[in-house]
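A.B. asks: Supplied in structure tokens, the structure appears directly below.
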Amino acid sequence: MKLPQFQYLEPKSIEKASSLLARYGKEASALAGGTDLLVKMKQRRFVPRYVINLKTIHGLDYIRYDENDGLRIGALTTIQSIKNSIVVKRNFKVLNEAAGVESSVQIRNRATIAGNIANASPAADAPLALITLGGTVVLARADGQREILIENFLTGPGQTALEPGEVIKEIHVPRLAPDVGGSYVKHAVRRTDIAIVSTSVVLTMSNGVCMDARIGLGSVAPTVIRAKRAEDVLKGQTNTDVIVKKTAEIAVDEASPIDDIRAYAQYRALALKAAVEQAITEAMRDAKWGGV
Amino acid sequence: MKHRSQLREIRLKVNGKAYTFAVNPWDTLIEVLREKLKLSKTKEGCGVGECGSCAVIMDKKAVNSCLVLAVDADGSEILTAEGLAEDAEYHPFNEMLLSQGGMRASMEKPGSKPHQEFFTFCHICAGRCAVKATVEDGKVVDIAPDMESGLPNELCPVKKSRLSIPEVLNHPNRLKYPLKRIGDRGEGKWKRISWDEALDTIAAKLIEFKEKYGPESVAWCLGEPKGLEFAFAQRFATAFGTPNVITPGWCCGVPSGMASALTYGWNCVPDEEHPSKMVVLWAVNNNHTASGMRREAFERDLANGARLIVVDPRRTDVASIADLWVRPRPNSDGALAMGVLKVIVENELYDKDFVQEWCDGFDKLVEELKIFTLKEVEEVTWVPEGVIREFAIMYATTKPATIQWGNALDTTSLAFPQDKAIAILRAICGNLNIPGGEVFLTPAPYVRPGKFFLLSKINRNPGIAIGSEFKLAVRSAFVPPHSLIQSVLTGEPYKVRAALFLLTNPVLSWADSIRTVEAFKKIDFLVGSEIFMTPSTALADIVLPAAWGMEHEELGYWPGWYEEIRCYPKLVEPPGEAWSDTKWINELAKRIGLGEYFWEDDLEALDEILAPSGFSYEDMKQKRVLRSKREYKKGDFRTPTGKVEIYSAKAAEFGYSPMPYWREVSNIPMASKDYPLIMTNGKEEAYMLTGYKQVAGLRSVKPEPIVEMNPDTAKRMGLEEVNWVYIETSKGRVKQRLAFDPDLDARVIVASFGWWFPEERENLFGWDKSNINVLTRSEPPYDPGIGTSDLRGFPCRVYAT
């Protein structure tokens, strides 16, 4: 199927991109990797009059790690680059795992982290990992920039807090405490499929006691969400099987899965419980025994 | 909105060579590779990045070229399959990219669990590609092309089997138990019953109707054969004594098959053993949907320098790589064929020796071709004279040539003269039964379907069939669906009381869905067998759960044009109490007292049908396929005269003109002020006809029905893309989402066929929302011999919702 026609624009700077996006508003779309936008356009679910290609802006493709500042990823960094990054694998395991299960290598070689976040699918993998890592997006405009937690940036299915004229510039993940363990679990029919349910768990452990817990749930709510009541169950506890089970049950209770073409809500609830239990157990093991 | 020209220049290296192109911003990399460089091994499958068939290496990274804008490839180095593979054979380039097992229906890494691999054939469409199925934990997890046995294996680019078979085999909505209707028809209230109760109920009803009204009061409605179930149903009908069997033959395969048979004595297919120098794809998109010509053979011909002519109202994938794309008005193919014949005959480009020795009625053709001018052909077909000439000259002067024809030629009341004109074209240019041309196949040695149906053993009273006026249909053991609708709704010629349907979704696929639903609601007794609840089974009194491909031992002889028989071993258990159709038909036959024509166990039929070959079904599990033979015999024309009958006296027996006449093929429905656009449709690339809308992998490729229109036409009508529009005829209206296609004639729209919505449980799954058969007619005009009505190429109007 051919793409619909559009007016094509190639800004060379964030300022220029920002002013174009502000000028054309709802009639325009930014284009990064194109693996979501071009699909919607081919299916005629979205036909923007103006397509603003961000890939002509230099300097947005990088992964930098600083022991104090943490991780900074340029907006146009591909998911495959994130998957292949050793600093990400060593220090932010769930992000590496999430990137690794996104779709196929062909898609990952084009899809960008900014596009992944901006598309705001409740089933998206890297964004789910990021909300359990305290990740933020840096939003730039011609007249300045602001930073916002990704979990606050995602406001609904396909909806974000992006204001007219704003462009995602960078993703920031603050450094993690030393005894952190993580695990990302995705349940789908195929590894290249969109998740039926997914979960990202990041635990800070100290002598077998859980000091801090972040439990993220995917594909079971209007956005990726943090299961905060479940997190509270784990905090301050020595994690026994009973506690893990209870945590998973509370997490399922905080979720609101629906029936859709991939699964019934009932099935999602069962699968989610198993996934959360599995992820917590693995995160605990990772905290104790995991690599650097 | 007027755009200034946005053409930009891009430079890129492809397979080591440097190129410069002018592209539009909306052109994708795959379009550049296929259309500008004719690198046909990079295929468009789903177009949305799911199937991987368009994968290329760009700057050392694998990417889906369908999702890369050409402008984004500026300055890049691209490697395609042609750059990696040395030979012209099908190269599973993207299999390598899938080596991580990415498309396996399992989150486990390949090989991490005990598994078994089986060789079989895909059962989704008539292509029947040879595949290797992997079974893990009693479930099929992957379907890969079978690269080991030398059988045709190139899967459709969308890889429908891989994306649907694992899901369908395990789908939670699979019908598992026989159901009996409680409440009104269509209310959706069911009671689970046992197979015994189901079959006893059906048997009692059939016996009752036979005694009260005669066996002809019972009808069978069949779809495309998969295994032997179609044959079992036909056999049952004969044994029972009813000639009233509806099959897809009324609009598919039979018109063209009969046009061939009434011209040169039997059907023909492109010769795949020897290369053709000219391939004409007439109303078929080989790349996406199955026809007679396998993809490997097609690719090989192209790689050997064959020229390609594509005849299609749409600029399909194959049209975009053709040497000549001919864009006819839908349904004008007969007129086009006669125009091409005129150029060839009047310029003496035909094979004179062949015509002189082997063709009867050539002089009559010459006279008929004088009656009209090429200008008139242009007026009727919307194809410029110059293109008609170019088509004719290219085709006639390049040998050996083959014409692969498609379903669109059969879905019209003009099917017979249309198809006969094309048959004549093949003949007079000397391409019949020559290497690289059109071959006649000697069937593999198995019990022929007609014999299996017991037609010569038992008289099933074809003379009193509903639709007996369609003599060729009745001769071919079927009647058209509108005969059943007429019978149930008007009582003419008599009332059919019961219908049993399998392999089909009549509410979606019969012409005139509204009257089909009326008839289904009114008929005394209705039984449907299916794998999922559909709008058709939702109206039944008893629903039977069918076992699907890979869930039972099976032999398949379909598609008929290959004249082969294939083994489909059982790989997994069917869900719940699902039975294969052959099993329940066999059991039903025993309960009605027809056991002498059937078997104790339906599986016994598997050996019996193979008897002429000397092989057993167990042997076939190893052998896999019995193939037909090509003999290339000169003058092997099985007509009454032993020659090619351009003028066929026999055709008149069936109500046809003995040869195509200009006055017939040019008599096509005209647009009017009220209905100014001509509607056609293509086969769904992402689905198989009306099926699989509930499969996530396929639904995410094409989530909604789309209707395509020329943008200038749309703008004149004030219509925009993204919006849903109504398509309307005097029969009714449906809505589909609008997309622009600048390559369409401004007077043509292309709608999507077969749309219903499994997720919409109320209102019979939205059967009348987007279903284009709400727009088609069960009333005349009909093809006189078969009863085909116009399913494509009829006038309509479009407006905003």
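Residue numbers start at 1 in each chain; chains themselves are named A, B, ... in the order of the structure tokens; ligands are numbered from 1 in the order shown.
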Excluding Thr35 in chain A and its own-chain neighbours fewer than 3 positions away, which residues fall within 10 Å of it when counting only C-alpha atoms? Please give them as an mmCIF file with N, CA, C and O atoms, in the first residue's frame.
C.D. replies:
```cif
data_model
loop_
_atom_site.group_PDB
_atom_site.id
_atom_site.type_symbol
_atom_site.label_atom_id
_atom_site.label_comp_id
_atom_site.auth_asym_id
_atom_site.auth_seq_id
_atom_site.Cartn_x
_atom_site.Cartn_y
_atom_site.Cartn_z
ATOM 1 N N LEU A 31 8.590 13.037 12.321
ATOM 2 C CA LEU A 31 8.957 11.703 11.841
ATOM 3 C C LEU A 31 10.333 11.376 12.396
ATOM 4 O O LEU A 31 11.283 12.125 12.194
ATOM 5 N N ALA A 32 10.436 10.288 13.131
ATOM 6 C CA ALA A 32 11.732 9.814 13.588
ATOM 7 C C ALA A 32 12.054 8.516 12.840
ATOM 8 O O ALA A 32 12.394 8.545 11.672
ATOM 9 N N LEU A 38 4.664 5.694 9.932
ATOM 10 C CA LEU A 38 4.409 5.303 8.549
ATOM 11 C C LEU A 38 3.369 4.180 8.480
ATOM 12 O O LEU A 38 2.615 4.086 7.516
ATOM 13 N N VAL A 39 3.320 3.345 9.501
ATOM 14 C CA VAL A 39 2.300 2.289 9.541
ATOM 15 C C VAL A 39 0.912 2.916 9.636
ATOM 16 O O VAL A 39 -0.001 2.582 8.886
ATOM 17 N N LYS A 40 0.763 3.865 10.570
ATOM 18 C CA LYS A 40 -0.541 4.533 10.724
ATOM 19 C C LYS A 40 -0.935 5.259 9.446
ATOM 20 O O LYS A 40 -2.097 5.303 9.068
ATOM 21 N N GLN A 106 14.910 -5.668 12.258
ATOM 22 C CA GLN A 106 14.702 -4.662 11.204
ATOM 23 C C GLN A 106 14.006 -3.431 11.755
ATOM 24 O O GLN A 106 14.298 -2.301 11.380
ATOM 25 N N ILE A 107 13.042 -3.666 12.651
ATOM 26 C CA ILE A 107 12.329 -2.538 13.243
ATOM 27 C C ILE A 107 13.248 -1.797 14.207
ATOM 28 O O ILE A 107 13.349 -0.574 14.191
ATOM 29 N N ARG A 108 13.953 -2.536 15.034
ATOM 30 C CA ARG A 108 14.824 -1.906 16.037
ATOM 31 C C ARG A 108 15.922 -1.072 15.408
ATOM 32 O O ARG A 108 16.388 -0.098 16.002
ATOM 33 N N ASN A 109 16.338 -1.430 14.210
ATOM 34 C CA ASN A 109 17.383 -0.653 13.555
ATOM 35 C C ASN A 109 16.898 0.709 13.088
ATOM 36 O O ASN A 109 17.706 1.566 12.742
ATOM 37 N N ARG A 110 15.602 0.912 13.047
ATOM 38 C CA ARG A 110 15.058 2.210 12.634
ATOM 39 C C ARG A 110 14.334 2.927 13.763
ATOM 40 O O ARG A 110 14.369 4.142 13.850
ATOM 41 N N ALA A 111 13.658 2.151 14.623
ATOM 42 C CA ALA A 111 12.842 2.759 15.677
ATOM 43 C C ALA A 111 13.726 3.523 16.663
ATOM 44 O O ALA A 111 14.772 3.047 17.060
ATOM 45 N N THR A 112 13.261 4.712 17.077
ATOM 46 C CA THR A 112 14.035 5.514 18.012
ATOM 47 C C THR A 112 13.375 5.509 19.383
ATOM 48 O O THR A 112 12.176 5.259 19.506
ATOM 49 N N GLY A 115 10.638 8.199 19.581
ATOM 50 C CA GLY A 115 9.419 7.796 18.901
ATOM 51 C C GLY A 115 8.664 6.760 19.709
ATOM 52 O O GLY A 115 7.443 6.782 19.806
ATOM 53 N N ASN A 116 9.401 5.860 20.308
ATOM 54 C CA ASN A 116 8.819 4.812 21.122
ATOM 55 C C ASN A 116 8.010 5.433 22.266
ATOM 56 O O ASN A 116 6.897 5.002 22.566
ATOM 57 N N VAL B 48 3.714 -3.092 6.436
ATOM 58 C CA VAL B 48 3.746 -2.374 7.711
ATOM 59 C C VAL B 48 4.802 -2.911 8.666
ATOM 60 O O VAL B 48 4.735 -2.695 9.870
ATOM 61 N N GLY B 49 5.789 -3.615 8.113
ATOM 62 C CA GLY B 49 6.930 -3.995 8.943
ATOM 63 C C GLY B 49 6.760 -5.239 9.800
ATOM 64 O O GLY B 49 7.565 -5.488 10.676
ATOM 65 N N ASN B 64 13.426 -2.908 7.311
ATOM 66 C CA ASN B 64 12.263 -3.185 6.469
ATOM 67 C C ASN B 64 12.142 -2.058 5.461
ATOM 68 O O ASN B 64 11.791 -0.932 5.823
ATOM 69 N N CYS B 66 9.995 -1.350 3.409
ATOM 70 C CA CYS B 66 8.651 -0.771 3.215
ATOM 71 C C CYS B 66 8.417 0.400 4.158
ATOM 72 O O CYS B 66 7.478 1.172 3.970
ATOM 73 N N LEU B 67 9.265 0.501 5.190
ATOM 74 C CA LEU B 67 9.085 1.585 6.173
ATOM 75 C C LEU B 67 10.246 2.580 6.157
ATOM 76 O O LEU B 67 10.414 3.349 7.095
ATOM 77 N N VAL B 68 11.039 2.539 5.106
ATOM 78 C CA VAL B 68 12.116 3.522 4.969
ATOM 79 C C VAL B 68 11.750 4.461 3.828
ATOM 80 O O VAL B 68 11.534 4.012 2.710
#
```
A.B. asks: Residues of chain B within 6 Å of chain A, counting only C-alpha atoms - could you list those as an MDAnalysis selection string?
C.D. replies: chainID B and resid 26 48 62:64 102:107 696 722
A.B. asks: Could you take the residues named above and write them with all heavy atoms, as a JSON list (two decimals), in the first residue's frame?
C.D. replies:
```json
[["chain", "number", "residue", "atom", "x", "y", "z"],
["B", 26, "TRP", "N", 7.09, 10.70, -0.33],
["B", 26, "TRP", "CA", 6.28, 9.58, 0.13],
["B", 26, "TRP", "C", 6.65, 8.26, -0.54],
["B", 26, "TRP", "O", 6.02, 7.25, -0.30],
["B", 26, "TRP", "CB", 4.79, 9.87, -0.07],
["B", 26, "TRP", "CG", 4.47, 10.37, -1.44],
["B", 26, "TRP", "CD1", 4.26, 9.63, -2.57],
["B", 26, "TRP", "CD2", 4.37, 11.73, -1.83],
["B", 26, "TRP", "NE1", 4.03, 10.45, -3.63],
["B", 26, "TRP", "CE2", 4.08, 11.75, -3.23],
["B", 26, "TRP", "CE3", 4.48, 12.96, -1.16],
["B", 26, "TRP", "CZ2", 3.92, 12.93, -3.94],
["B", 26, "TRP", "CZ3", 4.31, 14.13, -1.88],
["B", 26, "TRP", "CH2", 4.04, 14.12, -3.26],
["B", 48, "VAL", "N", 3.71, -3.09, 6.44],
["B", 48, "VAL", "CA", 3.75, -2.37, 7.71],
["B", 48, "VAL", "C", 4.80, -2.91, 8.67],
["B", 48, "VAL", "O", 4.73, -2.70, 9.87],
["B", 48, "VAL", "CB", 2.35, -2.38, 8.40],
["B", 48, "VAL", "CG1", 1.36, -1.55, 7.61],
["B", 48, "VAL", "CG2", 1.83, -3.79, 8.60],
["B", 62, "ALA", "N", 20.05, -4.53, 9.02],
["B", 62, "ALA", "CA", 18.82, -5.03, 8.41],
["B", 62, "ALA", "C", 17.68, -4.07, 8.71],
["B", 62, "ALA", "O", 17.50, -3.63, 9.85],
["B", 62, "ALA", "CB", 18.48, -6.40, 9.00],
["B", 63, "VAL", "N", 16.94, -3.70, 7.66],
["B", 63, "VAL", "CA", 15.78, -2.81, 7.84],
["B", 63, "VAL", "C", 14.64, -3.30, 6.97],
["B", 63, "VAL", "O", 14.86, -4.02, 6.00],
["B", 63, "VAL", "CB", 16.11, -1.34, 7.46],
["B", 63, "VAL", "CG1", 17.18, -0.76, 8.35],
["B", 63, "VAL", "CG2", 16.50, -1.22, 6.00],
["B", 64, "ASN", "N", 13.43, -2.91, 7.31],
["B", 64, "ASN", "CA", 12.26, -3.19, 6.47],
["B", 64, "ASN", "C", 12.14, -2.06, 5.46],
["B", 64, "ASN", "O", 11.79, -0.93, 5.82],
["B", 64, "ASN", "CB", 10.99, -3.27, 7.31],
["B", 64, "ASN", "CG", 10.93, -4.51, 8.17],
["B", 64, "ASN", "OD1", 11.43, -5.56, 7.78],
["B", 64, "ASN", "ND2", 10.35, -4.41, 9.34],
["B", 102, "GLY", "N", 12.39, -15.18, 15.53],
["B", 102, "GLY", "CA", 11.52, -14.08, 15.92],
["B", 102, "GLY", "C", 10.05, -14.29, 15.61],
["B", 102, "GLY", "O", 9.20, -13.80, 16.33],
["B", 103, "MET", "N", 9.76, -15.03, 14.54],
["B", 103, "MET", "CA", 8.35, -15.17, 14.19],
["B", 103, "MET", "C", 7.75, -16.47, 14.72],
["B", 103, "MET", "O", 6.61, -16.77, 14.43],
["B", 103, "MET", "CB", 8.16, -15.07, 12.68],
["B", 103, "MET", "CG", 8.16, -13.63, 12.22],
["B", 103, "MET", "SD", 7.98, -13.50, 10.46],
["B", 103, "MET", "CE", 6.22, -13.30, 10.32],
["B", 104, "ARG", "N", 8.47, -17.23, 15.47],
["B", 104, "ARG", "CA", 7.91, -18.44, 16.07],
["B", 104, "ARG", "C", 6.86, -18.04, 17.09],
["B", 104, "ARG", "O", 7.04, -17.10, 17.84],
["B", 104, "ARG", "CB", 8.99, -19.22, 16.81],
["B", 104, "ARG", "CG", 10.11, -19.71, 15.95],
["B", 104, "ARG", "CD", 11.16, -20.32, 16.83],
["B", 104, "ARG", "NE", 10.89, -21.71, 17.16],
["B", 104, "ARG", "CZ", 10.60, -22.17, 18.35],
["B", 104, "ARG", "NH1", 10.54, -21.36, 19.37],
["B", 104, "ARG", "NH2", 10.38, -23.45, 18.55],
["B", 105, "ALA", "N", 5.79, -18.82, 17.10],
["B", 105, "ALA", "CA", 4.72, -18.53, 18.06],
["B", 105, "ALA", "C", 5.09, -19.12, 19.40],
["B", 105, "ALA", "O", 4.43, -20.00, 19.92],
["B", 105, "ALA", "CB", 3.41, -19.09, 17.54],
["B", 106, "SER", "N", 6.16, -18.62, 19.96],
["B", 106, "SER", "CA", 6.63, -19.12, 21.26],
["B", 106, "SER", "C", 7.67, -18.14, 21.76],
["B", 106, "SER", "O", 8.48, -17.65, 21.00],
["B", 106, "SER", "CB", 7.25, -20.51, 21.09],
["B", 106, "SER", "OG", 8.03, -20.83, 22.22],
["B", 107, "MET", "N", 7.62, -17.84, 23.04],
["B", 107, "MET", "CA", 8.61, -16.91, 23.58],
["B", 107, "MET", "C", 9.92, -17.62, 23.90],
["B", 107, "MET", "O", 10.91, -16.98, 24.20],
["B", 107, "MET", "CB", 8.07, -16.24, 24.85],
["B", 107, "MET", "CG", 6.92, -15.29, 24.61],
["B", 107, "MET", "SD", 7.36, -13.89, 23.57],
["B", 107, "MET", "CE", 8.26, -12.86, 24.72],
["B", 696, "ALA", "N", -4.73, -11.81, 15.48],
["B", 696, "ALA", "CA", -4.04, -10.55, 15.79],
["B", 696, "ALA", "C", -2.94, -10.24, 14.79],
["B", 696, "ALA", "O", -2.79, -9.10, 14.35],
["B", 696, "ALA", "CB", -3.48, -10.59, 17.21],
["B", 722, "VAL", "N", -8.57, 9.19, 5.48],
["B", 722, "VAL", "CA", -8.81, 8.95, 6.91],
["B", 722, "VAL", "C", -10.30, 8.79, 7.18],
["B", 722, "VAL", "O", -10.69, 7.99, 8.02],
["B", 722, "VAL", "CB", -8.25, 10.08, 7.81],
["B", 722, "VAL", "CG1", -8.80, 10.01, 9.22],
["B", 722, "VAL", "CG2", -6.76, 10.02, 7.87]]
```
A.B. asks: Based on DSSP run over this structure's backbone, return all residues of range 514-700 of chain B in helix (DSSP H, G or I), as a ChimeraX atom specification.
C.D. replies: /B:514-522,537-539,560-562,581-592,595-597,604-613,617-623,649-653,662-665,696-699
A.B. asks: Within 8 Å of Arg426 in chain B, counting only C-alpha atoms, which residues show up once you throw out same-chain ones fewer than 3 positions away? Write them as a ChimeraX atom specification, please.
C.D. replies: /B:402-403,422-423,429-432,438
A.B. asks: Those residues with N, CA and C atoms, as a CSV table (one decimal), in the first residue's frame please?
C.D. replies:
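Resulting contents of part36.csv:
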```csv
chain,number,residue,atom,x,y,z
B,402,THR,N,3.0,-17.2,-21.9
B,402,THR,CA,1.9,-17.8,-21.1
B,402,THR,C,1.1,-16.7,-20.5
B,403,ILE,N,-0.2,-16.9,-20.4
B,403,ILE,CA,-1.2,-16.0,-19.8
B,403,ILE,C,-1.7,-16.6,-18.5
B,422,ILE,N,-9.8,-14.9,-24.4
B,422,ILE,CA,-8.4,-15.0,-24.0
B,422,ILE,C,-7.9,-16.4,-24.4
B,423,ALA,N,-8.7,-17.4,-24.3
B,423,ALA,CA,-8.4,-18.8,-24.7
B,423,ALA,C,-8.0,-18.8,-26.2
B,429,CYS,N,-1.8,-17.7,-31.1
B,429,CYS,CA,-0.4,-17.3,-31.1
B,429,CYS,C,0.5,-18.5,-30.9
B,430,GLY,N,-0.1,-19.7,-31.0
B,430,GLY,CA,0.7,-20.9,-31.0
B,430,GLY,C,1.4,-21.3,-29.7
B,431,ASN,N,0.8,-20.9,-28.6
B,431,ASN,CA,1.4,-21.2,-27.3
B,431,ASN,C,0.9,-22.4,-26.5
B,432,LEU,N,0.0,-23.1,-27.2
B,432,LEU,CA,-0.6,-24.2,-26.5
B,432,LEU,C,0.3,-25.5,-26.4
B,438,GLU,N,1.6,-22.7,-22.5
B,438,GLU,CA,0.5,-23.1,-21.8
B,438,GLU,C,0.3,-24.7,-21.8
```
A.B. asks: So which bits of range 102-288 of chain A end up strand (DSSP E or B) when you DSSP the backbone, as an MDAnalysis selection string?
C.D. replies: chainID A and resid 112 136:141 144:149 154:156 159:160 167:173 180:187 197:206 209:218 225:226 238
A.B. asks: Which residue out of A:Leu76, A:Ala126, A:Leu133, A:Leu154 has the minimum interatomic distance to Leu203 in chain A when only C-alpha atoms are used?
C.D. replies: A:Leu133
A.B. asks: Mind checking which residues fall within 12 Å of Glu31 in chain B, counting only C-alpha atoms, ignoring those fewer than 5 positions away in the same chain, and posting them as a compact mmCIF listing (two decimals) with N, CA, C and O atoms, in the first residue's frame?
C.D. replies:
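Output file selection_36.txt follows:
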```txt
# COMPACT_ATOMS: atom_id res chain seq x y z
N MET A 1 0.85 -1.20 0.00
CA MET A 1 0.00 0.00 0.00
C MET A 1 0.88 1.24 0.00
O MET A 1 1.83 1.32 0.77
N LYS A 2 0.53 2.18 -0.86
CA LYS A 2 1.36 3.40 -0.92
C LYS A 2 1.07 4.31 0.27
O LYS A 2 -0.05 4.36 0.77
N LEU A 3 2.06 5.08 0.65
CA LEU A 3 1.83 6.12 1.65
C LEU A 3 0.95 7.21 1.06
O LEU A 3 1.01 7.47 -0.15
N PHE B 21 18.40 8.91 -8.32
CA PHE B 21 16.98 8.86 -8.65
C PHE B 21 16.29 10.15 -8.24
O PHE B 21 16.71 10.80 -7.28
N VAL B 23 12.90 11.20 -6.55
CA VAL B 23 11.82 10.55 -5.80
C VAL B 23 10.94 11.58 -5.12
O VAL B 23 11.36 12.71 -4.87
N ASN B 24 9.71 11.16 -4.84
CA ASN B 24 8.82 11.96 -4.02
C ASN B 24 9.06 11.61 -2.55
O ASN B 24 9.49 10.50 -2.25
N PRO B 25 8.75 12.51 -1.64
CA PRO B 25 9.02 12.22 -0.22
C PRO B 25 8.25 11.01 0.28
O PRO B 25 8.68 10.33 1.20
N TRP B 26 7.09 10.70 -0.33
CA TRP B 26 6.28 9.58 0.13
C TRP B 26 6.65 8.26 -0.54
O TRP B 26 6.02 7.25 -0.30
N LYS B 36 12.13 0.94 -9.84
CA LYS B 36 13.16 1.59 -10.65
C LYS B 36 14.29 0.62 -11.01
O LYS B 36 14.87 0.73 -12.08
N LEU B 37 14.58 -0.32 -10.14
CA LEU B 37 15.69 -1.23 -10.40
C LEU B 37 15.22 -2.65 -10.73
O LEU B 37 16.06 -3.52 -11.00
N LYS B 38 13.94 -2.90 -10.68
CA LYS B 38 13.39 -4.23 -10.98
C LYS B 38 14.04 -5.32 -10.13
O LYS B 38 14.20 -6.45 -10.56
N LEU B 39 14.40 -4.99 -8.92
CA LEU B 39 14.98 -6.01 -8.02
C LEU B 39 13.82 -6.70 -7.32
O LEU B 39 13.43 -6.36 -6.21
N SER B 40 13.28 -7.71 -8.01
CA SER B 40 11.99 -8.25 -7.57
C SER B 40 12.08 -9.19 -6.39
O SER B 40 11.05 -9.64 -5.88
N THR B 42 13.07 -8.52 -3.40
CA THR B 42 12.62 -7.83 -2.20
C THR B 42 11.13 -7.62 -2.39
O THR B 42 10.71 -6.89 -3.25
N LYS B 43 10.35 -8.31 -1.57
CA LYS B 43 8.91 -8.34 -1.83
C LYS B 43 8.15 -7.48 -0.84
O LYS B 43 8.50 -7.42 0.33
N GLU B 44 7.07 -6.89 -1.34
CA GLU B 44 6.20 -6.25 -0.38
C GLU B 44 5.20 -7.28 0.13
O GLU B 44 4.48 -7.88 -0.65
N GLY B 47 3.54 -4.64 4.17
CA GLY B 47 3.68 -3.19 4.00
C GLY B 47 3.78 -2.41 5.29
O GLY B 47 3.92 -1.19 5.26
N CYS B 54 10.31 -7.59 3.08
CA CYS B 54 10.91 -6.48 2.35
C CYS B 54 12.29 -6.15 2.92
O CYS B 54 12.88 -5.13 2.57
N ASN B 64 13.43 -2.91 7.31
CA ASN B 64 12.26 -3.19 6.47
C ASN B 64 12.14 -2.06 5.46
O ASN B 64 11.79 -0.93 5.82
N SER B 65 12.41 -2.36 4.20
CA SER B 65 12.44 -1.29 3.21
C SER B 65 11.07 -0.68 2.95
O SER B 65 10.98 0.40 2.37
N CYS B 66 9.99 -1.35 3.41
CA CYS B 66 8.65 -0.77 3.22
C CYS B 66 8.42 0.40 4.16
O CYS B 66 7.48 1.17 3.97
N LEU B 67 9.26 0.50 5.19
CA LEU B 67 9.09 1.58 6.17
C LEU B 67 10.25 2.58 6.16
O LEU B 67 10.41 3.35 7.09
N VAL B 68 11.04 2.54 5.11
CA VAL B 68 12.12 3.52 4.97
C VAL B 68 11.75 4.46 3.83
O VAL B 68 11.53 4.01 2.71
N LEU B 69 11.66 5.75 4.11
CA LEU B 69 11.41 6.69 3.02
C LEU B 69 12.63 6.72 2.12
O LEU B 69 13.77 6.69 2.59
N ALA B 70 12.40 6.81 0.84
CA ALA B 70 13.52 6.86 -0.10
C ALA B 70 14.45 8.04 0.24
O ALA B 70 15.67 7.92 0.16
N VAL B 71 13.86 9.15 0.65
CA VAL B 71 14.71 10.31 0.97
C VAL B 71 15.62 10.01 2.16
O VAL B 71 16.71 10.56 2.28
N THR B 316 -0.94 -2.81 -9.01
CA THR B 316 -0.54 -3.76 -7.98
C THR B 316 0.97 -3.88 -7.95
O THR B 316 1.68 -3.33 -8.78
N ASP B 317 1.44 -4.65 -7.03
CA ASP B 317 2.85 -4.93 -6.90
C ASP B 317 3.45 -5.44 -8.21
O ASP B 317 4.49 -4.97 -8.67
N VAL B 318 2.79 -6.40 -8.86
CA VAL B 318 3.35 -6.92 -10.11
C VAL B 318 3.20 -5.90 -11.24
O VAL B 318 4.04 -5.83 -12.13
N ALA B 319 2.15 -5.11 -11.20
CA ALA B 319 1.99 -4.07 -12.23
C ALA B 319 3.15 -3.08 -12.16
O ALA B 319 3.61 -2.58 -13.18
N SER B 320 3.63 -2.84 -10.94
CA SER B 320 4.67 -1.83 -10.79
C SER B 320 6.03 -2.29 -11.30
O SER B 320 6.92 -1.48 -11.52
N ILE B 321 6.20 -3.59 -11.52
CA ILE B 321 7.47 -4.05 -12.10
C ILE B 321 7.31 -4.53 -13.53
O ILE B 321 8.24 -5.07 -14.13
```
